[in-house]
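Asks: Handing over start_3.json, JSON, N, CA and C atoms.
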```
[["chain", "number", "residue", "atom", "x", "y", "z"],
["A", 1, "MET", "N", 0.82, -1.19, 0.00],
["A", 1, "MET", "CA", 0.00, 0.00, 0.00],
["A", 1, "MET", "C", 0.86, 1.26, 0.00],
["A", 2, "LYS", "N", 1.96, 1.21, 0.77],
["A", 2, "LYS", "CA", 2.85, 2.36, 0.85],
["A", 2, "LYS", "C", 3.53, 2.61, -0.50],
["A", 3, "THR", "N", 3.90, 1.56, -1.19],
["A", 3, "THR", "CA", 4.54, 1.73, -2.50],
["A", 3, "THR", "C", 3.55, 2.26, -3.54],
["A", 4, "PHE", "N", 2.28, 1.90, -3.40],
["A", 4, "PHE", "CA", 1.28, 2.40, -4.34],
["A", 4, "PHE", "C", 1.15, 3.92, -4.22],
["A", 5, "PHE", "N", 1.05, 4.43, -3.00],
["A", 5, "PHE", "CA", 0.95, 5.89, -2.80],
["A", 5, "PHE", "C", 2.22, 6.60, -3.23],
["A", 6, "ARG", "N", 3.36, 5.98, -2.99],
["A", 6, "ARG", "CA", 4.63, 6.57, -3.41],
["A", 6, "ARG", "C", 4.69, 6.64, -4.94],
["A", 7, "SER", "N", 4.25, 5.58, -5.61],
["A", 7, "SER", "CA", 4.23, 5.56, -7.08],
["A", 7, "SER", "C", 3.24, 6.59, -7.62],
["A", 8, "LEU", "N", 2.09, 6.71, -6.96],
["A", 8, "LEU", "CA", 1.10, 7.68, -7.38],
["A", 8, "LEU", "C", 1.63, 9.11, -7.22],
["A", 9, "LEU", "N", 2.32, 9.37, -6.13],
["A", 9, "LEU", "CA", 2.91, 10.69, -5.89],
["A", 9, "LEU", "C", 3.97, 11.02, -6.94],
["A", 10, "ILE", "N", 4.80, 10.07, -7.28],
["A", 10, "ILE", "CA", 5.83, 10.28, -8.31],
["A", 10, "ILE", "C", 5.19, 10.53, -9.67],
["A", 11, "ALA", "N", 4.16, 9.77, -10.00],
["A", 11, "ALA", "CA", 3.48, 9.96, -11.29],
["A", 11, "ALA", "C", 2.83, 11.33, -11.36],
["A", 12, "ALA", "N", 2.18, 11.77, -10.27],
["A", 12, "ALA", "CA", 1.55, 13.09, -10.26],
["A", 12, "ALA", "C", 2.59, 14.20, -10.38],
["A", 13, "THR", "N", 3.72, 14.04, -9.72],
["A", 13, "THR", "CA", 4.79, 15.04, -9.80],
["A", 13, "THR", "C", 5.34, 15.14, -11.22],
["A", 14, "LEU", "N", 5.55, 14.00, -11.87],
["A", 14, "LEU", "CA", 6.04, 14.02, -13.25],
["A", 14, "LEU", "C", 5.03, 14.64, -14.20],
["A", 15, "LEU", "N", 3.76, 14.37, -13.97],
["A", 15, "LEU", "CA", 2.72, 14.95, -14.82],
["A", 15, "LEU", "C", 2.68, 16.46, -14.67],
["A", 16, "LEU", "N", 2.76, 16.97, -13.46],
["A", 16, "LEU", "CA", 2.74, 18.42, -13.23],
["A", 16, "LEU", "C", 4.00, 19.10, -13.74],
["A", 17, "ALA", "N", 5.11, 18.40, -13.75],
["A", 17, "ALA", "CA", 6.37, 18.98, -14.22],
["A", 17, "ALA", "C", 6.37, 19.18, -15.73],
["A", 18, "THR", "N", 5.53, 18.47, -16.46],
["A", 18, "THR", "CA", 5.52, 18.59, -17.91],
["A", 18, "THR", "C", 4.56, 19.63, -18.43],
["A", 19, "VAL", "N", 3.81, 20.30, -17.55],
["A", 19, "VAL", "CA", 2.86, 21.32, -17.97],
["A", 19, "VAL", "C", 3.63, 22.57, -18.37],
["A", 20, "PRO", "N", 3.47, 23.07, -19.62],
["A", 20, "PRO", "CA", 4.22, 24.25, -20.06],
["A", 20, "PRO", "C", 3.69, 25.54, -19.44],
["A", 21, "THR", "N", 4.56, 26.52, -19.35],
["A", 21, "THR", "CA", 4.18, 27.84, -18.86],
["A", 21, "THR", "C", 4.08, 28.78, -20.04],
["A", 22, "ILE", "N", 2.96, 29.49, -20.13],
["A", 22, "ILE", "CA", 2.72, 30.40, -21.24],
["A", 22, "ILE", "C", 2.72, 31.82, -20.71],
["A", 23, "SER", "N", 3.41, 32.72, -21.46],
["A", 23, "SER", "CA", 3.45, 34.12, -21.06],
["A", 23, "SER", "C", 2.84, 34.96, -22.16],
["A", 24, "ALA", "N", 1.54, 34.83, -22.29],
["A", 24, "ALA", "CA", 0.83, 35.60, -23.30],
["A", 24, "ALA", "C", -0.57, 35.88, -22.81],
["A", 25, "GLN", "N", -1.22, 36.76, -23.49],
["A", 25, "GLN", "CA", -2.59, 37.12, -23.15],
["A", 25, "GLN", "C", -3.50, 35.93, -23.44],
["A", 26, "THR", "N", -4.50, 35.72, -22.61],
["A", 26, "THR", "CA", -5.44, 34.65, -22.87],
["A", 26, "THR", "C", -6.24, 34.95, -24.12],
["A", 27, "SER", "N", -6.56, 33.93, -24.86],
["A", 27, "SER", "CA", -7.28, 34.11, -26.12],
["A", 27, "SER", "C", -8.68, 34.66, -25.88],
["A", 28, "THR", "N", -9.03, 35.66, -26.65],
["A", 28, "THR", "CA", -10.34, 36.27, -26.51],
["A", 28, "THR", "C", -11.22, 35.98, -27.72],
["A", 29, "GLY", "N", -10.82, 35.01, -28.54],
["A", 29, "GLY", "CA", -11.67, 34.59, -29.64],
["A", 29, "GLY", "C", -11.70, 35.54, -30.82],
["A", 30, "GLY", "N", -10.65, 35.59, -31.63],
["A", 30, "GLY", "CA", -10.66, 36.38, -32.83],
["A", 30, "GLY", "C", -10.34, 37.85, -32.67],
["A", 31, "GLU", "N", -9.79, 38.24, -31.55],
["A", 31, "GLU", "CA", -9.43, 39.64, -31.35],
["A", 31, "GLU", "C", -7.91, 39.78, -31.35],
["A", 32, "ALA", "N", -7.46, 41.02, -31.33],
["A", 32, "ALA", "CA", -6.03, 41.29, -31.28],
["A", 32, "ALA", "C", -5.47, 40.83, -29.93],
["A", 33, "TYR", "N", -4.18, 40.55, -29.90],
["A", 33, "TYR", "CA", -3.55, 40.08, -28.67],
["A", 33, "TYR", "C", -2.08, 40.48, -28.63],
["A", 34, "TRP", "N", -1.47, 40.31, -27.46],
["A", 34, "TRP", "CA", -0.06, 40.64, -27.27],
["A", 34, "TRP", "C", 0.69, 39.43, -26.75],
["A", 35, "VAL", "N", 2.02, 39.45, -26.99],
["A", 35, "VAL", "CA", 2.92, 38.40, -26.51],
["A", 35, "VAL", "C", 4.16, 39.09, -25.95],
["A", 36, "VAL", "N", 4.63, 38.62, -24.79],
["A", 36, "VAL", "CA", 5.83, 39.17, -24.18],
["A", 36, "VAL", "C", 6.90, 38.09, -24.16],
["A", 37, "GLU", "N", 8.09, 38.42, -24.65],
["A", 37, "GLU", "CA", 9.23, 37.51, -24.61],
["A", 37, "GLU", "C", 10.28, 38.10, -23.68],
["A", 38, "THR", "N", 10.74, 37.28, -22.74],
["A", 38, "THR", "CA", 11.79, 37.71, -21.82],
["A", 38, "THR", "C", 12.78, 36.59, -21.62],
["A", 39, "ASN", "N", 13.95, 36.93, -21.11],
["A", 39, "ASN", "CA", 14.96, 35.95, -20.76],
["A", 39, "ASN", "C", 14.88, 35.74, -19.26],
["A", 40, "LEU", "N", 14.62, 34.51, -18.84],
["A", 40, "LEU", "CA", 14.47, 34.25, -17.41],
["A", 40, "LEU", "C", 15.78, 34.41, -16.64],
["A", 41, "ASN", "N", 16.91, 34.24, -17.33],
["A", 41, "ASN", "CA", 18.20, 34.37, -16.65],
["A", 41, "ASN", "C", 18.65, 35.82, -16.55],
["A", 42, "GLN", "N", 18.44, 36.59, -17.59],
["A", 42, "GLN", "CA", 18.78, 38.02, -17.59],
["A", 42, "GLN", "C", 17.49, 38.79, -17.73],
["A", 43, "LYS", "N", 17.05, 39.38, -16.65],
["A", 43, "LYS", "CA", 15.77, 40.11, -16.66],
["A", 43, "LYS", "C", 16.00, 41.59, -16.89],
["A", 44, "ASN", "N", 16.78, 41.93, -17.93],
["A", 44, "ASN", "CA", 17.08, 43.34, -18.18],
["A", 44, "ASN", "C", 16.42, 43.86, -19.46],
["A", 45, "TYR", "N", 15.53, 43.09, -20.05],
["A", 45, "TYR", "CA", 14.79, 43.56, -21.22],
["A", 45, "TYR", "C", 13.54, 42.72, -21.41],
["A", 46, "SER", "N", 12.61, 43.23, -22.20],
["A", 46, "SER", "CA", 11.40, 42.51, -22.61],
["A", 46, "SER", "C", 11.13, 42.85, -24.07],
["A", 47, "ILE", "N", 10.66, 41.88, -24.80],
["A", 47, "ILE", "CA", 10.23, 42.09, -26.18],
["A", 47, "ILE", "C", 8.72, 41.94, -26.21],
["A", 48, "VAL", "N", 8.04, 42.98, -26.66],
["A", 48, "VAL", "CA", 6.58, 42.98, -26.71],
["A", 48, "VAL", "C", 6.16, 42.96, -28.18],
["A", 49, "LYS", "N", 5.25, 42.04, -28.50],
["A", 49, "LYS", "CA", 4.72, 41.93, -29.86],
["A", 49, "LYS", "C", 3.20, 42.03, -29.80],
["A", 50, "PHE", "N", 2.64, 42.84, -30.69],
["A", 50, "PHE", "CA", 1.20, 43.00, -30.78],
["A", 50, "PHE", "C", 0.74, 42.41, -32.11],
["A", 51, "TYR", "N", -0.30, 41.59, -32.06],
["A", 51, "TYR", "CA", -0.84, 40.93, -33.24],
["A", 51, "TYR", "C", -2.31, 41.32, -33.43],
["A", 52, "ASN", "N", -2.75, 41.32, -34.70],
["A", 52, "ASN", "CA", -4.16, 41.60, -34.96],
["A", 52, "ASN", "C", -4.95, 40.29, -34.96],
["A", 53, "SER", "N", -6.22, 40.35, -35.28],
["A", 53, "SER", "CA", -7.08, 39.16, -35.22],
["A", 53, "SER", "C", -6.72, 38.11, -36.28],
["A", 54, "GLU", "N", -5.99, 38.51, -37.31],
["A", 54, "GLU", "CA", -5.54, 37.57, -38.34],
["A", 54, "GLU", "C", -4.16, 37.02, -38.02],
["A", 55, "HIS", "N", -3.66, 37.25, -36.81],
["A", 55, "HIS", "CA", -2.36, 36.79, -36.32],
["A", 55, "HIS", "C", -1.19, 37.41, -37.08],
["A", 56, "ALA", "N", -1.41, 38.58, -37.63],
["A", 56, "ALA", "CA", -0.34, 39.32, -38.31],
["A", 56, "ALA", "C", 0.27, 40.31, -37.31],
["A", 57, "LEU", "N", 1.58, 40.42, -37.34],
["A", 57, "LEU", "CA", 2.28, 41.31, -36.42],
["A", 57, "LEU", "C", 1.96, 42.77, -36.73],
["A", 58, "ILE", "N", 1.47, 43.48, -35.71],
["A", 58, "ILE", "CA", 1.16, 44.91, -35.85],
["A", 58, "ILE", "C", 2.37, 45.74, -35.47],
["A", 59, "TYR", "N", 2.97, 45.40, -34.32],
["A", 59, "TYR", "CA", 4.06, 46.20, -33.78],
["A", 59, "TYR", "C", 4.91, 45.33, -32.88],
["A", 60, "GLU", "N", 6.22, 45.59, -32.89],
["A", 60, "GLU", "CA", 7.16, 44.87, -32.04],
["A", 60, "GLU", "C", 8.16, 45.86, -31.47],
["A", 61, "GLU", "N", 8.46, 45.72, -30.19],
["A", 61, "GLU", "CA", 9.44, 46.61, -29.57],
["A", 61, "GLU", "C", 10.22, 45.87, -28.50],
["A", 62, "ARG", "N", 11.53, 46.13, -28.47],
["A", 62, "ARG", "CA", 12.39, 45.61, -27.41],
["A", 62, "ARG", "C", 12.57, 46.72, -26.39],
["A", 63, "ILE", "N", 12.17, 46.46, -25.16],
["A", 63, "ILE", "CA", 12.24, 47.46, -24.10],
["A", 63, "ILE", "C", 13.43, 47.12, -23.21],
["A", 64, "GLU", "N", 14.45, 47.94, -23.28],
["A", 64, "GLU", "CA", 15.66, 47.71, -22.49],
["A", 64, "GLU", "C", 15.46, 48.16, -21.05],
["A", 65, "GLY", "N", 16.02, 47.42, -20.12],
["A", 65, "GLY", "CA", 16.00, 47.80, -18.72],
["A", 65, "GLY", "C", 14.68, 47.58, -18.02],
["A", 66, "LEU", "N", 13.76, 46.85, -18.64],
["A", 66, "LEU", "CA", 12.45, 46.61, -18.03],
["A", 66, "LEU", "C", 12.05, 45.16, -18.22],
["A", 67, "TYR", "N", 11.70, 44.51, -17.13],
["A", 67, "TYR", "CA", 11.21, 43.14, -17.17],
["A", 67, "TYR", "C", 9.71, 43.18, -16.94],
["A", 68, "LEU", "N", 8.93, 42.88, -17.98],
["A", 68, "LEU", "CA", 7.47, 42.85, -17.86],
["A", 68, "LEU", "C", 7.04, 41.48, -17.37],
["A", 69, "ASN", "N", 6.47, 41.44, -16.19],
["A", 69, "ASN", "CA", 5.97, 40.20, -15.61],
["A", 69, "ASN", "C", 4.47, 40.14, -15.88],
["A", 70, "THR", "N", 4.05, 39.23, -16.75],
["A", 70, "THR", "CA", 2.65, 39.16, -17.15],
["A", 70, "THR", "C", 1.74, 38.63, -16.05],
["A", 71, "GLU", "N", 2.31, 38.19, -14.96],
["A", 71, "GLU", "CA", 1.50, 37.75, -13.82],
["A", 71, "GLU", "C", 1.06, 38.95, -12.97],
["A", 72, "LYS", "N", 1.71, 40.10, -13.15],
["A", 72, "LYS", "CA", 1.32, 41.30, -12.41],
["A", 72, "LYS", "C", 0.19, 42.01, -13.14],
["A", 73, "ARG", "N", -0.82, 42.39, -12.37],
["A", 73, "ARG", "CA", -2.00, 43.02, -12.95],
["A", 73, "ARG", "C", -1.68, 44.34, -13.64],
["A", 74, "LYS", "N", -0.81, 45.15, -13.04],
["A", 74, "LYS", "CA", -0.51, 46.46, -13.63],
["A", 74, "LYS", "C", 0.22, 46.30, -14.96],
["A", 75, "HIS", "N", 1.02, 45.26, -15.12],
["A", 75, "HIS", "CA", 1.70, 45.04, -16.40],
["A", 75, "HIS", "C", 0.71, 44.58, -17.46],
["A", 76, "ARG", "N", -0.23, 43.71, -17.10],
["A", 76, "ARG", "CA", -1.26, 43.28, -18.06],
["A", 76, "ARG", "C", -2.14, 44.45, -18.48],
["A", 77, "LYS", "N", -2.50, 45.33, -17.53],
["A", 77, "LYS", "CA", -3.31, 46.50, -17.87],
["A", 77, "LYS", "C", -2.56, 47.42, -18.82],
["A", 78, "TYR", "N", -1.26, 47.61, -18.59],
["A", 78, "TYR", "CA", -0.43, 48.43, -19.47],
["A", 78, "TYR", "C", -0.41, 47.83, -20.88],
["A", 79, "LEU", "N", -0.23, 46.53, -20.98],
["A", 79, "LEU", "CA", -0.18, 45.88, -22.29],
["A", 79, "LEU", "C", -1.54, 45.93, -22.98],
["A", 80, "ASP", "N", -2.61, 45.73, -22.24],
["A", 80, "ASP", "CA", -3.95, 45.81, -22.83],
["A", 80, "ASP", "C", -4.25, 47.21, -23.34],
["A", 81, "ARG", "N", -3.86, 48.23, -22.57],
["A", 81, "ARG", "CA", -4.06, 49.62, -23.00],
["A", 81, "ARG", "C", -3.25, 49.93, -24.25],
["A", 82, "SER", "N", -2.00, 49.47, -24.28],
["A", 82, "SER", "CA", -1.14, 49.69, -25.45],
["A", 82, "SER", "C", -1.71, 48.99, -26.67],
["A", 83, "LEU", "N", -2.21, 47.78, -26.49],
["A", 83, "LEU", "CA", -2.82, 47.04, -27.60],
["A", 83, "LEU", "C", -4.02, 47.80, -28.16],
["A", 84, "LYS", "N", -4.83, 48.34, -27.29],
["A", 84, "LYS", "CA", -6.00, 49.10, -27.73],
["A", 84, "LYS", "C", -5.58, 50.30, -28.56],
["A", 85, "ILE", "N", -4.53, 50.98, -28.13],
["A", 85, "ILE", "CA", -4.03, 52.15, -28.87],
["A", 85, "ILE", "C", -3.53, 51.74, -30.25],
["A", 86, "PHE", "N", -2.73, 50.66, -30.32],
["A", 86, "PHE", "CA", -2.18, 50.23, -31.61],
["A", 86, "PHE", "C", -3.27, 49.76, -32.55],
["A", 87, "THR", "N", -4.27, 49.05, -32.06],
["A", 87, "THR", "CA", -5.34, 48.59, -32.96],
["A", 87, "THR", "C", -6.18, 49.76, -33.45],
["A", 88, "GLN", "N", -6.43, 50.75, -32.60],
["A", 88, "GLN", "CA", -7.19, 51.92, -33.03],
["A", 88, "GLN", "C", -6.41, 52.71, -34.08],
["A", 89, "GLN", "N", -5.10, 52.83, -33.91],
["A", 89, "GLN", "CA", -4.29, 53.55, -34.90],
["A", 89, "GLN", "C", -4.31, 52.82, -36.23],
["A", 90, "ARG", "N", -4.26, 51.49, -36.19],
["A", 90, "ARG", "CA", -4.28, 50.72, -37.43],
["A", 90, "ARG", "C", -5.63, 50.87, -38.14],
["A", 91, "ILE", "N", -6.71, 50.87, -37.38],
["A", 91, "ILE", "CA", -8.04, 51.04, -37.98],
["A", 91, "ILE", "C", -8.15, 52.42, -38.60],
["A", 92, "PHE", "N", -7.69, 53.45, -37.89],
["A", 92, "PHE", "CA", -7.74, 54.81, -38.41],
["A", 92, "PHE", "C", -6.89, 54.93, -39.67],
["A", 93, "ALA", "N", -5.69, 54.34, -39.66],
["A", 93, "ALA", "CA", -4.80, 54.43, -40.83],
["A", 93, "ALA", "C", -5.42, 53.73, -42.03],
["A", 94, "SER", "N", -6.06, 52.57, -41.83],
["A", 94, "SER", "CA", -6.67, 51.88, -42.97],
["A", 94, "SER", "C", -7.86, 52.66, -43.51],
["A", 95, "GLN", "N", -8.63, 53.31, -42.66],
["A", 95, "GLN", "CA", -9.74, 54.14, -43.12],
["A", 95, "GLN", "C", -9.23, 55.36, -43.86],
["A", 96, "PHE", "N", -8.13, 55.94, -43.40],
["A", 96, "PHE", "CA", -7.55, 57.11, -44.06],
["A", 96, "PHE", "C", -7.08, 56.74, -45.46],
["A", 97, "ARG", "N", -6.44, 55.59, -45.60],
["A", 97, "ARG", "CA", -5.95, 55.17, -46.91],
["A", 97, "ARG", "C", -7.11, 54.97, -47.90],
["A", 98, "LYS", "N", -8.24, 54.49, -47.41],
["A", 98, "LYS", "CA", -9.39, 54.25, -48.30],
["A", 98, "LYS", "C", -10.01, 55.56, -48.77],
["A", 99, "THR", "N", -9.98, 56.58, -47.92],
["A", 99, "THR", "CA", -10.66, 57.83, -48.27],
["A", 99, "THR", "C", -9.72, 58.86, -48.89],
["A", 100, "SER", "N", -8.43, 58.70, -48.75],
["A", 100, "SER", "CA", -7.51, 59.71, -49.30],
["A", 100, "SER", "C", -7.32, 59.51, -50.79],
["A", 101, "ARG", "N", -6.95, 60.58, -51.49],
["A", 101, "ARG", "CA", -6.79, 60.51, -52.95],
["A", 101, "ARG", "C", -5.35, 60.75, -53.36],
["A", 102, "PHE", "N", -4.43, 60.34, -52.54],
["A", 102, "PHE", "CA", -3.00, 60.54, -52.87],
["A", 102, "PHE", "C", -2.51, 59.48, -53.79]]
```
Could you rewrite the structure in this file as structure tokens?
Replies:
Amino acid sequence: MKTFFRSLLIAATLLLATVPTISAQTSTGGEAYWVVETNLNQKNYSIVKFYNSEHALIYEERIEGLYLNTEKRKHRKYLDRSLKIFTQQRIFASQFRKTSRF
């Protein structure tokens, strides 16, 4: 009985160890989203990428000297606000191109 529980504990530990960690915005079903890339060993920069609903890259920036932790609420709010600004600018720019006669 003791070996059964020990085996069960080892199996559960191995199963939990294989679960990947994702550092991106949760999917909202066909909307624009952001992704943050960082180096876990050197936390002196972050790369932020914004994508539209067609998964095309809208904007990418490497931010030196700042580690964006997506588990912190204030960092997620900052990224969500920035995403909203970039998507609105893209919509405005596409409307301007359609109506301009240049």
Asks: Kindly indicate which residue among A:Lys72, A:Ile63, A:Trp34, A:Asn44 lies nearest to Phe86 of chain A, using only C-alpha atoms for the distances.
Replies: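 Looking at the shortest contact to Phe86 of chain A, the residue is A:Trp34.
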Asks: Kindly give the distance, in Å, that separates atom CA of Tyr78 of chain A and atom CA of Ser46 of chain A, rounded to a single decimal.
Replies: 13.6 Å
Asks: When distances are computed from all atoms listed in the file, which of A:Thr70, A:Thr3, A:Thr87, A:Thr38 shows the smallest separation from Asn52 of chain A?
Replies: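 Smallest separation from Asn52 of chain A among the options: A:Thr87.
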Asks: Around (4.7, 44.1, -32.5), as given in the file, which residues come within 6.5 Å? Count only N, CA and C atoms and list them as a list in words.
Replies: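 Within the cut-off we find Val48, Lys49, Phe50, Tyr51, Leu57, Ile58, Tyr59, Glu60 and Glu61 of chain A.
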Asks: To one decimal place, how far is atom CA of Glu71 of chain A from atom C of Gln89 of chain A in Å?
Replies: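 Answer for the atom CA of Glu71 of chain A to atom C of Gln89 of chain A separation: 27.6 Å.
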Asks: To test your reading of the structure, identify every residue in segment 42-97 of chain A that backbone DSSP assigns to helix (DSSP H, G or I), and report it as number ranges by chain.
Replies: A: 73-97
Asks: Around all of segment 79-90 of chain A's listed atoms, make the axis-aligned box with 8 Å on each side and tell me centre and edge lengths in Å to one decimal, as lines of an AutoDock Vina configuration file.
Replies:
```
center_x = -3.7
center_y = 49.6
center_z = -29.6
size_x = 23.0
size_y = 23.8
size_z = 33.2
```
Asks: Quick one, how far is atom CA of Gln88 of chain A from atom CA of Gly65 of chain A?
Replies: 27.6 Å
